[in-house]
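Asks: Got a file for you: input-v4.cif, mmCIF, C-alpha atoms.
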```
data_entry
loop_
_atom_site.group_PDB
_atom_site.id
_atom_site.type_symbol
_atom_site.label_atom_id
_atom_site.label_comp_id
_atom_site.auth_asym_id
_atom_site.auth_seq_id
_atom_site.Cartn_x
_atom_site.Cartn_y
_atom_site.Cartn_z
ATOM 1 C CA MET E 4 18.762 -47.537 -14.648
ATOM 2 C CA LEU E 5 18.076 -50.807 -12.952
ATOM 3 C CA VAL E 6 16.421 -49.010 -10.077
ATOM 4 C CA THR E 7 14.228 -47.086 -12.456
ATOM 5 C CA GLY E 8 13.362 -50.299 -14.275
ATOM 6 C CA VAL E 9 12.310 -51.906 -10.998
ATOM 7 C CA VAL E 10 10.517 -48.902 -9.569
ATOM 8 C CA ALA E 11 8.375 -48.145 -12.599
ATOM 9 C CA PRO E 12 6.359 -51.388 -12.665
ATOM 10 C CA ALA E 13 6.131 -51.269 -8.892
ATOM 11 C CA VAL E 14 4.639 -47.814 -9.057
ATOM 12 C CA VAL E 15 2.184 -48.921 -11.673
ATOM 13 C CA MET E 16 1.140 -51.882 -9.526
ATOM 14 C CA ILE E 17 0.822 -49.719 -6.456
ATOM 15 C CA VAL E 18 -1.318 -47.294 -8.395
ATOM 16 C CA ALA E 19 -3.470 -50.145 -9.658
ATOM 17 C CA VAL E 20 -3.883 -51.583 -6.183
ATOM 18 C CA VAL E 21 -4.730 -48.185 -4.780
ATOM 19 C CA LEU E 22 -7.307 -47.666 -7.495
ATOM 20 C CA ILE E 23 -8.820 -51.079 -6.849
ATOM 21 C CA VAL E 24 -8.962 -50.458 -3.118
ATOM 22 C CA GLY E 25 -10.447 -47.023 -3.746
ATOM 23 C CA ALA E 26 -13.107 -48.498 -5.975
ATOM 24 C CA LEU E 27 -13.850 -51.141 -3.364
ATOM 25 C CA VAL E 28 -14.172 -48.519 -0.656
ATOM 26 C CA TYR E 29 -16.386 -46.240 -2.712
ATOM 27 C CA TYR E 30 -18.766 -48.903 -3.940
ATOM 28 C CA LEU E 31 -18.925 -50.847 -0.680
ATOM 29 C CA VAL E 32 -19.574 -47.728 1.376
ATOM 30 C CA SER E 33 -22.247 -46.652 -1.088
ATOM 31 C CA THR E 34 -23.781 -50.106 -0.895
ATOM 32 C CA ILE E 35 -23.758 -49.998 2.890
ATOM 33 C CA LEU E 36 -25.570 -46.659 2.846
ATOM 34 C CA GLU E 37 -28.187 -48.032 0.472
ATOM 35 C CA LEU E 38 -28.600 -51.110 2.661
ATOM 36 C CA ARG E 39 -29.228 -48.851 5.627
ATOM 37 C CA LYS E 40 -31.944 -47.066 3.688
ATOM 38 C CA ILE E 41 -33.417 -50.442 2.831
ATOM 39 C CA ALA E 42 -33.359 -51.478 6.470
ATOM 40 C CA ALA E 43 -35.150 -48.279 7.468
ATOM 41 C CA GLY E 44 -37.748 -48.820 4.751
ATOM 42 C CA LEU E 45 -38.255 -52.411 5.828
ATOM 43 C CA ASP E 46 -38.880 -51.213 9.360
ATOM 44 C CA LEU E 47 -41.785 -49.152 8.018
ATOM 45 C CA VAL E 48 -43.003 -52.134 6.038
ATOM 46 C CA ILE E 49 -42.859 -54.363 9.082
ATOM 47 C CA ALA E 50 -44.792 -51.801 11.112
ATOM 48 C CA GLY E 51 -47.495 -51.583 8.444
ATOM 49 C CA VAL E 52 -47.719 -55.330 8.011
ATOM 50 C CA SER E 53 -47.877 -55.797 11.773
ATOM 51 C CA GLU E 54 -50.820 -53.407 11.889
ATOM 52 C CA ILE E 55 -52.516 -55.334 9.119
ATOM 53 C CA VAL E 56 -51.964 -58.601 10.962
ATOM 54 C CA ALA E 57 -53.286 -57.158 14.205
ATOM 55 C CA LYS E 58 -56.346 -55.592 12.603
ATOM 56 C CA SER E 59 -57.232 -58.619 10.505
ATOM 57 C CA ALA E 60 -56.716 -61.135 13.295
ATOM 58 C CA PRO E 61 -60.342 -61.207 14.535
ATOM 59 C CA VAL E 62 -61.856 -61.019 11.051
ATOM 60 C CA ASN E 63 -61.862 -64.751 10.494
ATOM 61 C CA ASP E 64 -63.687 -65.588 13.700
ATOM 62 C CA VAL E 65 -66.170 -62.740 13.297
ATOM 63 C CA VAL E 66 -67.005 -63.633 9.710
ATOM 64 C CA ASN E 67 -67.365 -67.290 10.628
ATOM 65 C CA THR E 68 -69.717 -66.363 13.462
ATOM 66 C CA ILE E 69 -71.782 -64.144 11.185
ATOM 67 C CA ASN E 70 -71.980 -66.911 8.602
ATOM 68 C CA GLU E 71 -73.065 -69.380 11.257
ATOM 69 C CA GLN E 72 -75.801 -67.004 12.374
ATOM 70 C CA LEU E 73 -76.956 -66.424 8.820
ATOM 71 C CA ASP E 74 -76.875 -70.158 8.120
ATOM 72 C CA ALA E 75 -79.073 -70.729 11.132
ATOM 73 C CA GLY E 76 -81.463 -68.037 9.920
ATOM 74 C CA VAL E 77 -81.602 -69.499 6.427
ATOM 75 C CA ASP E 78 -82.219 -72.969 7.833
ATOM 76 C CA ALA E 79 -85.031 -71.719 10.021
ATOM 77 C CA LEU E 80 -86.698 -69.666 7.284
ATOM 78 C CA GLU E 81 -86.420 -72.424 4.707
ATOM 79 C CA GLY E 82 -87.923 -74.898 7.133
ATOM 80 C CA LEU E 83 -90.718 -72.517 8.064
ATOM 81 C CA LEU E 84 -91.493 -71.713 4.434
ATOM 82 C CA VAL E 85 -91.686 -75.355 3.426
ATOM 83 C CA LYS E 86 -93.632 -76.246 6.528
ATOM 84 C CA LYS E 87 -96.250 -73.578 6.010
ATOM 85 C CA ALA E 88 -96.526 -73.273 2.247
ATOM 86 C CA GLY E 89 -95.566 -76.734 1.162
ATOM 87 C CA MET E 90 -92.669 -77.544 -1.092
ATOM 88 C CA ARG E 91 -94.380 -76.673 -4.372
ATOM 89 C CA ASP E 92 -95.787 -73.317 -3.317
ATOM 90 C CA ALA E 93 -92.608 -72.496 -1.460
ATOM 91 C CA MET E 94 -90.592 -72.934 -4.608
ATOM 92 C CA GLY E 95 -93.145 -70.868 -6.505
ATOM 93 C CA LEU E 96 -92.775 -68.031 -4.033
ATOM 94 C CA VAL E 97 -88.984 -68.273 -4.102
ATOM 95 C CA ASP E 98 -88.976 -68.225 -7.883
ATOM 96 C CA GLY E 99 -91.350 -65.273 -7.873
ATOM 97 C CA LEU E 100 -89.157 -63.256 -5.563
ATOM 98 C CA TYR E 101 -85.855 -64.345 -7.058
ATOM 99 C CA PRO E 102 -86.430 -65.334 -10.675
ATOM 100 C CA GLY E 103 -84.502 -68.462 -11.488
ATOM 101 C CA ALA E 104 -83.702 -69.251 -7.856
ATOM 102 C CA ALA E 105 -86.031 -72.232 -7.837
ATOM 103 C CA ALA E 106 -83.646 -74.074 -10.119
ATOM 104 C CA ALA E 107 -80.988 -73.880 -7.427
ATOM 105 C CA GLY E 108 -83.424 -75.235 -4.867
ATOM 106 C CA LEU E 109 -83.428 -74.871 -1.119
ATOM 107 C CA ARG E 110 -80.252 -75.659 0.694
ATOM 108 C CA ASN E 111 -81.718 -78.037 3.234
ATOM 109 C CA PHE E 112 -84.206 -79.621 0.845
ATOM 110 C CA PRO E 113 -82.347 -81.268 -2.035
ATOM 111 C CA GLU E 114 -85.603 -82.543 -3.454
ATOM 112 C CA SER E 115 -86.711 -78.949 -4.016
ATOM 113 C CA THR E 116 -84.787 -78.843 -7.278
ATOM 114 C CA ASP E 117 -87.160 -81.432 -8.733
ATOM 115 C CA VAL E 118 -90.272 -79.418 -7.943
ATOM 116 C CA ASP E 119 -92.190 -77.913 -10.851
ATOM 117 C CA SER E 120 -92.625 -74.513 -9.259
ATOM 118 C CA PRO E 121 -95.792 -72.643 -10.156
ATOM 119 C CA ARG E 122 -95.830 -69.043 -11.294
ATOM 120 C CA ILE E 123 -96.396 -66.732 -8.400
ATOM 121 C CA GLY E 124 -99.277 -65.035 -10.195
ATOM 122 C CA GLU E 125 -101.084 -68.333 -10.464
ATOM 123 C CA THR E 126 -100.599 -69.341 -6.897
ATOM 124 C CA TYR E 127 -100.877 -66.157 -4.948
ATOM 125 C CA THR E 128 -103.380 -63.386 -5.062
ATOM 126 C CA ARG E 129 -102.550 -59.906 -6.255
ATOM 127 C CA GLY E 130 -102.614 -58.635 -2.706
ATOM 128 C CA THR E 131 -100.033 -61.150 -1.631
ATOM 129 C CA LEU E 132 -97.889 -60.226 -4.572
ATOM 130 C CA GLN E 133 -98.104 -56.550 -3.700
ATOM 131 C CA LEU E 134 -97.190 -57.281 -0.117
ATOM 132 C CA ALA E 135 -94.176 -59.148 -1.371
ATOM 133 C CA ARG E 136 -93.261 -56.219 -3.574
ATOM 134 C CA LEU E 137 -93.679 -53.803 -0.696
ATOM 135 C CA GLY E 138 -91.309 -55.825 1.368
ATOM 136 C CA ARG E 139 -88.562 -55.824 -1.181
ATOM 137 C CA GLU E 140 -86.846 -53.218 -3.234
ATOM 138 C CA ALA E 141 -86.051 -54.078 -6.802
ATOM 139 C CA PRO E 142 -85.753 -57.724 -7.836
ATOM 140 C CA ILE E 143 -89.414 -58.599 -7.471
ATOM 141 C CA ALA E 144 -90.387 -55.539 -9.442
ATOM 142 C CA ALA E 145 -88.484 -56.785 -12.448
ATOM 143 C CA ALA E 146 -90.304 -60.070 -12.508
ATOM 144 C CA SER E 147 -93.703 -59.114 -11.161
ATOM 145 C CA PRO E 148 -96.495 -58.543 -13.627
ATOM 146 C CA GLY E 149 -97.486 -55.250 -12.029
ATOM 147 C CA GLY E 150 -94.425 -53.306 -13.076
ATOM 148 C CA GLY E 151 -92.246 -51.250 -10.795
ATOM 149 C CA VAL E 152 -91.679 -51.732 -7.160
ATOM 150 C CA LEU E 153 -94.231 -50.127 -4.898
ATOM 151 C CA ARG E 154 -91.938 -49.262 -2.076
ATOM 152 C CA ASN E 155 -90.268 -45.892 -2.223
ATOM 153 C CA VAL E 156 -86.817 -46.658 -0.940
ATOM 154 C CA GLU E 157 -85.889 -43.036 -0.317
ATOM 155 C CA GLY E 158 -89.197 -42.179 1.246
ATOM 156 C CA GLY E 159 -89.158 -45.210 3.488
ATOM 157 C CA SER E 160 -91.926 -45.242 6.029
ATOM 158 C CA LEU E 161 -93.170 -41.791 5.004
ATOM 159 C CA ALA E 162 -94.406 -43.208 1.719
ATOM 160 C CA ALA E 163 -96.312 -45.919 3.482
ATOM 161 C CA ARG E 164 -97.726 -43.365 5.920
ATOM 162 C CA SER E 165 -99.357 -41.471 3.072
ATOM 163 C CA LEU E 166 -101.576 -44.465 2.423
ATOM 164 C CA TYR E 167 -103.562 -43.702 5.555
ATOM 165 C CA PRO E 168 -106.213 -40.930 5.729
ATOM 166 C CA GLU E 169 -104.736 -39.245 8.717
ATOM 167 C CA VAL E 170 -104.131 -35.524 9.221
ATOM 168 C CA ARG E 171 -100.796 -35.764 10.969
ATOM 169 C CA GLN E 172 -99.032 -37.013 7.888
ATOM 170 C CA THR E 173 -99.468 -33.556 6.301
ATOM 171 C CA ARG E 174 -97.586 -32.108 9.256
ATOM 172 C CA PRO E 175 -99.904 -29.119 9.941
ATOM 173 C CA LYS E 176 -98.692 -26.419 12.289
ATOM 174 C CA ASN E 177 -101.649 -26.804 14.622
ATOM 175 C CA LEU E 178 -103.955 -29.693 15.031
ATOM 176 C CA PRO E 179 -107.561 -29.031 16.103
ATOM 177 C CA ASN E 180 -108.057 -29.233 19.798
ATOM 178 C CA SER E 181 -109.743 -32.215 21.231
ATOM 179 C CA PRO E 182 -113.423 -31.537 22.032
ATOM 180 C CA VAL E 183 -114.191 -30.714 25.619
ATOM 181 C CA ILE E 184 -117.072 -32.644 26.966
ATOM 182 C CA GLY E 185 -118.858 -32.751 30.274
ATOM 183 C CA SER E 186 -120.040 -29.971 32.545
ATOM 184 C CA GLY E 187 -117.025 -27.813 31.703
ATOM 185 C CA ALA E 188 -117.643 -27.938 27.969
ATOM 186 C CA PRO E 189 -117.951 -24.535 26.247
ATOM 187 C CA VAL E 190 -121.084 -25.661 24.458
ATOM 188 C CA GLN E 191 -123.780 -27.135 26.602
ATOM 189 C CA TYR E 192 -126.724 -28.932 25.136
ATOM 190 C CA GLU E 193 -129.906 -29.383 27.048
ATOM 191 C CA GLN E 194 -131.222 -32.844 27.109
ATOM 192 C CA ARG E 195 -134.103 -33.266 24.744
ATOM 193 C CA ASP E 196 -137.332 -34.381 26.247
ATOM 194 C CA ASP E 197 -138.286 -36.559 23.394
ATOM 195 C CA ILE E 198 -135.250 -38.781 23.759
ATOM 196 C CA GLY E 199 -136.330 -41.929 25.458
ATOM 197 C CA ALA E 200 -139.989 -40.949 25.350
ATOM 198 C CA PRO E 201 -142.530 -43.069 23.463
ATOM 199 C CA ARG E 202 -142.526 -42.386 19.791
ATOM 200 C CA LYS E 203 -145.286 -40.146 18.570
ATOM 201 C CA ARG E 204 -147.532 -41.824 16.108
ATOM 202 C CA PRO E 205 -149.801 -40.027 13.730
ATOM 203 C CA PRO E 206 -153.501 -40.423 14.472
ATOM 204 C CA ARG E 207 -155.169 -43.304 12.799
ATOM 205 C CA ARG E 208 -157.380 -42.586 9.879
ATOM 206 C CA PRO E 209 -160.994 -43.172 10.532
ATOM 207 C CA MET K 9 10.787 -57.585 -14.974
ATOM 208 C CA THR K 10 8.650 -58.114 -18.052
ATOM 209 C CA LEU K 11 6.193 -60.278 -16.113
ATOM 210 C CA TRP K 12 5.956 -57.570 -13.487
ATOM 211 C CA TRP K 13 5.070 -55.074 -16.147
ATOM 212 C CA ILE K 14 2.520 -57.448 -17.604
ATOM 213 C CA GLY K 15 1.045 -58.100 -14.178
ATOM 214 C CA SER K 16 0.782 -54.425 -13.362
ATOM 215 C CA ILE K 17 -0.794 -53.578 -16.669
ATOM 216 C CA VAL K 18 -3.258 -56.464 -16.415
ATOM 217 C CA LEU K 19 -4.125 -55.340 -12.899
ATOM 218 C CA LEU K 20 -4.675 -51.806 -14.077
ATOM 219 C CA ILE K 21 -6.461 -52.470 -17.349
ATOM 220 C CA VAL K 22 -8.393 -55.698 -16.703
ATOM 221 C CA ILE K 23 -8.852 -56.343 -13.004
ATOM 222 C CA LEU K 24 -9.702 -52.800 -12.002
ATOM 223 C CA PRO K 25 -12.480 -52.339 -14.619
ATOM 224 C CA VAL K 26 -13.921 -55.752 -13.822
ATOM 225 C CA VAL K 27 -13.972 -55.010 -10.114
ATOM 226 C CA ALA K 28 -15.481 -51.593 -10.745
ATOM 227 C CA TYR K 29 -18.104 -53.058 -13.068
ATOM 228 C CA LEU K 30 -19.178 -55.727 -10.605
ATOM 229 C CA LEU K 31 -19.295 -53.365 -7.650
ATOM 230 C CA ASN K 32 -21.230 -50.866 -9.691
ATOM 231 C CA GLY K 33 -23.787 -53.546 -10.512
ATOM 232 C CA VAL K 34 -24.192 -54.322 -6.817
ATOM 233 C CA LEU K 35 -24.552 -50.635 -6.000
ATOM 234 C CA GLN K 36 -27.153 -50.028 -8.697
ATOM 235 C CA ALA K 37 -29.147 -53.027 -7.515
ATOM 236 C CA ALA K 38 -28.969 -51.778 -3.946
ATOM 237 C CA ARG K 39 -30.059 -48.304 -5.035
ATOM 238 C CA SER K 40 -33.102 -49.697 -6.823
ATOM 239 C CA ILE K 41 -34.387 -51.421 -3.678
ATOM 240 C CA PRO K 42 -35.290 -48.423 -1.438
ATOM 241 C CA ALA K 43 -37.848 -47.098 -3.917
ATOM 242 C CA THR K 44 -39.519 -50.497 -4.006
ATOM 243 C CA VAL K 45 -39.404 -50.771 -0.228
ATOM 244 C CA ASP K 46 -40.945 -47.327 0.087
ATOM 245 C CA GLY K 47 -43.705 -48.421 -2.261
ATOM 246 C CA ILE K 48 -44.337 -51.523 -0.195
ATOM 247 C CA ALA K 49 -44.362 -49.455 2.984
ATOM 248 C CA SER K 50 -46.928 -47.052 1.566
ATOM 249 C CA VAL K 51 -49.080 -49.958 0.380
ATOM 250 C CA ALA K 52 -48.841 -51.604 3.776
ATOM 251 C CA ALA K 53 -49.859 -48.356 5.441
ATOM 252 C CA ALA K 54 -52.779 -47.978 3.058
ATOM 253 C CA GLY K 55 -53.817 -51.576 3.680
ATOM 254 C CA SER K 56 -53.652 -50.948 7.381
ATOM 255 C CA ARG K 57 -55.883 -47.884 6.982
ATOM 256 C CA ASP K 58 -58.322 -49.911 4.902
ATOM 257 C CA LEU K 59 -58.612 -52.346 7.757
ATOM 258 C CA ASP K 60 -59.593 -49.636 10.220
ATOM 259 C CA ALA K 61 -63.210 -50.574 9.575
ATOM 260 C CA ALA K 62 -62.528 -54.189 10.477
ATOM 261 C CA ALA K 63 -63.292 -53.338 14.078
ATOM 262 C CA LEU K 64 -66.844 -52.565 12.987
ATOM 263 C CA LEU K 65 -67.228 -56.233 12.151
ATOM 264 C CA LEU K 66 -67.829 -56.790 15.836
ATOM 265 C CA THR K 67 -70.833 -54.487 15.573
ATOM 266 C CA THR K 68 -71.908 -56.283 12.430
ATOM 267 C CA GLN K 69 -71.619 -59.576 14.233
ATOM 268 C CA GLU K 70 -73.718 -58.296 17.114
ATOM 269 C CA GLN K 71 -76.348 -56.861 14.785
ATOM 270 C CA ALA K 72 -76.451 -60.033 12.713
ATOM 271 C CA THR K 73 -77.024 -61.997 15.875
ATOM 272 C CA GLN K 74 -79.827 -59.655 16.934
ATOM 273 C CA THR K 75 -81.361 -59.751 13.457
ATOM 274 C CA ILE K 76 -81.326 -63.522 13.347
ATOM 275 C CA ALA K 77 -82.842 -63.583 16.823
ATOM 276 C CA GLU K 78 -85.615 -61.258 15.626
ATOM 277 C CA VAL K 79 -86.138 -63.383 12.536
ATOM 278 C CA ALA K 80 -86.303 -66.497 14.682
ATOM 279 C CA SER K 81 -88.816 -64.814 16.963
ATOM 280 C CA TYR K 82 -90.850 -63.662 13.974
ATOM 281 C CA GLY K 83 -90.689 -67.123 12.472
ATOM 282 C CA GLY K 84 -91.801 -68.636 15.751
ATOM 283 C CA SER K 85 -94.808 -66.343 15.805
ATOM 284 C CA LEU K 86 -95.624 -67.193 12.207
ATOM 285 C CA ASP K 87 -95.316 -70.847 13.057
ATOM 286 C CA VAL K 88 -97.971 -70.365 15.689
ATOM 287 C CA ILE K 89 -100.252 -68.117 13.640
ATOM 288 C CA LEU K 90 -100.216 -69.906 10.305
ATOM 289 C CA ASP K 91 -101.483 -73.358 9.702
ATOM 290 C CA ASP K 92 -99.105 -75.923 8.384
ATOM 291 C CA ASP K 93 -99.391 -77.028 4.807
ATOM 292 C CA ASP K 94 -101.849 -79.851 4.569
ATOM 293 C CA GLY K 95 -99.857 -81.555 1.876
ATOM 294 C CA GLY K 96 -102.414 -80.860 -0.803
#
```
Output the file's structure in the form of structure tokens.
Replies:
Amino acid sequence: MLVTGVVAPAVVMIVAVVLIVGALVYYLVSTILELRKIAAGLDLVIAGVSEIVAKSAPVNDVVNTINEQLDAGVDALEGLLVKKAGMRDAMGLVDGLYPGAAAAGLRNFPESTDVDSPRIGETYTRGTLQLARLGREAPIAAASPGGGVLRNVEGGSLAARSLYPEVRQTRPKNLPNSPVIGSGAPVQYEQRDDIGAPRKRPPRRP
Amino acid sequence: MTLWWIGSIVLLIVILPVVAYLLNGVLQAARSIPATVDGIASVAAAGSRDLDAAALLLTTQEQATQTIAEVASYGGSLDVILDDDDGG
């Protein structure tokens, strides 16, 4: 009886310990397996991120170089524009091409923001305005008094080519042959006697 | 003897469920991570593919340099051809 009384709680405790150890084993092994999956996934992540780092490494230097080049170009063009057109007309042209841009002024000329820029139509002739519109695509067309842009973006140079009275632009199958001149020409003309001779005058009236 | 019984029952009824609950929480958290990691891996791969064109920036840089050189040359010619503003 005493043995049974001692063994029973011991069995219960052993069962409890076994269950606890079993739970520990099950959950810890499952966790280890999940952690292995995570490690494998992180390897893929590291590979992808490493590629990103490698591919984006030169971007900073390249973009900085491009910006430096563009800054130099802007500086040169701004200087040339102001030098040739004068500050007032330069701002008028800038405002004509980019409406509202005159308010921002030129980067290297802080005083350009104080200029009362003239309207492009008042300063420049229609031909100049059309040339400006030909050289750009859309923005000038919106602000120009003549309406839409003249340049056909899709047509490109072909549209401009049609302005010239030239046969080749129609792309004929055969162009006329060049005329053959000289002694081998198919049509020979005899030299007229009267060419170079004194001009005949009608007889004077008596 | 009574304490032994109490200890065994507490171990079986209290400690075991608590241990199982905590370990289950750890396991569920661990199981939720691989899906997220896979998502990150796919995003990283997509980002890497998006950067394939970054190599073309070298061409862009070269062409920008050539364009600016042409613009500078054109501007130099204009500087020679056109008269300066007379200030009027």
Asks: Please determine the contact residues of chain K with respect to chain E at a cut-off of 8 Å, counting all atoms listed in the file, and supply them as an NGL selection string.
Replies: :K and (9 or 12-13 or 15-17 or 19-20 or 24 or 27-28 or 31-32 or 34-35 or 38-39 or 41-42 or 45-46 or 48-50 or 52-53 or 55-56 or 59-60 or 62-63 or 65-66 or 68-69 or 72-73 or 76 or 79-80 or 83 or 87 or 90-95)
Asks: Could you state the separation of CA of Val97 in chain E and CA of Gly84 in chain K in Å, given to one decimal place?
Replies: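 Pair CA of Val97 in chain E / CA of Gly84 in chain K returns 20.1 Å.
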Asks: Take CA of Ser181 in chain E and CA of Asp197 in chain E and report the distance between them in Å, one decimal.
Replies: 29.0 Å
Asks: If I take CA of Pro121 in chain E and CA of Ile89 in chain K, how far is one from the other in Å, to one decimal?
Replies: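 Rounded to one decimal, the two atoms are 24.6 Å apart.
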Asks: If we count all atoms listed in the file, what is near Asp98 in chain E at a cut-off of 8 Å, once residues fewer than 5 positions away on the same chain are taken out, given as a VMD selection string?
Replies: chain E and resid 103 to 105 120 122 to 123
Asks: Near Thr116 in chain E, counting all atoms listed in the file, which residues have an atom at most 9 Å away, once you skip same-chain residues fewer than 2 positions from it, shown as a ChimeraX atom specification?
Replies: /E:94,105-109,112-114,118-119
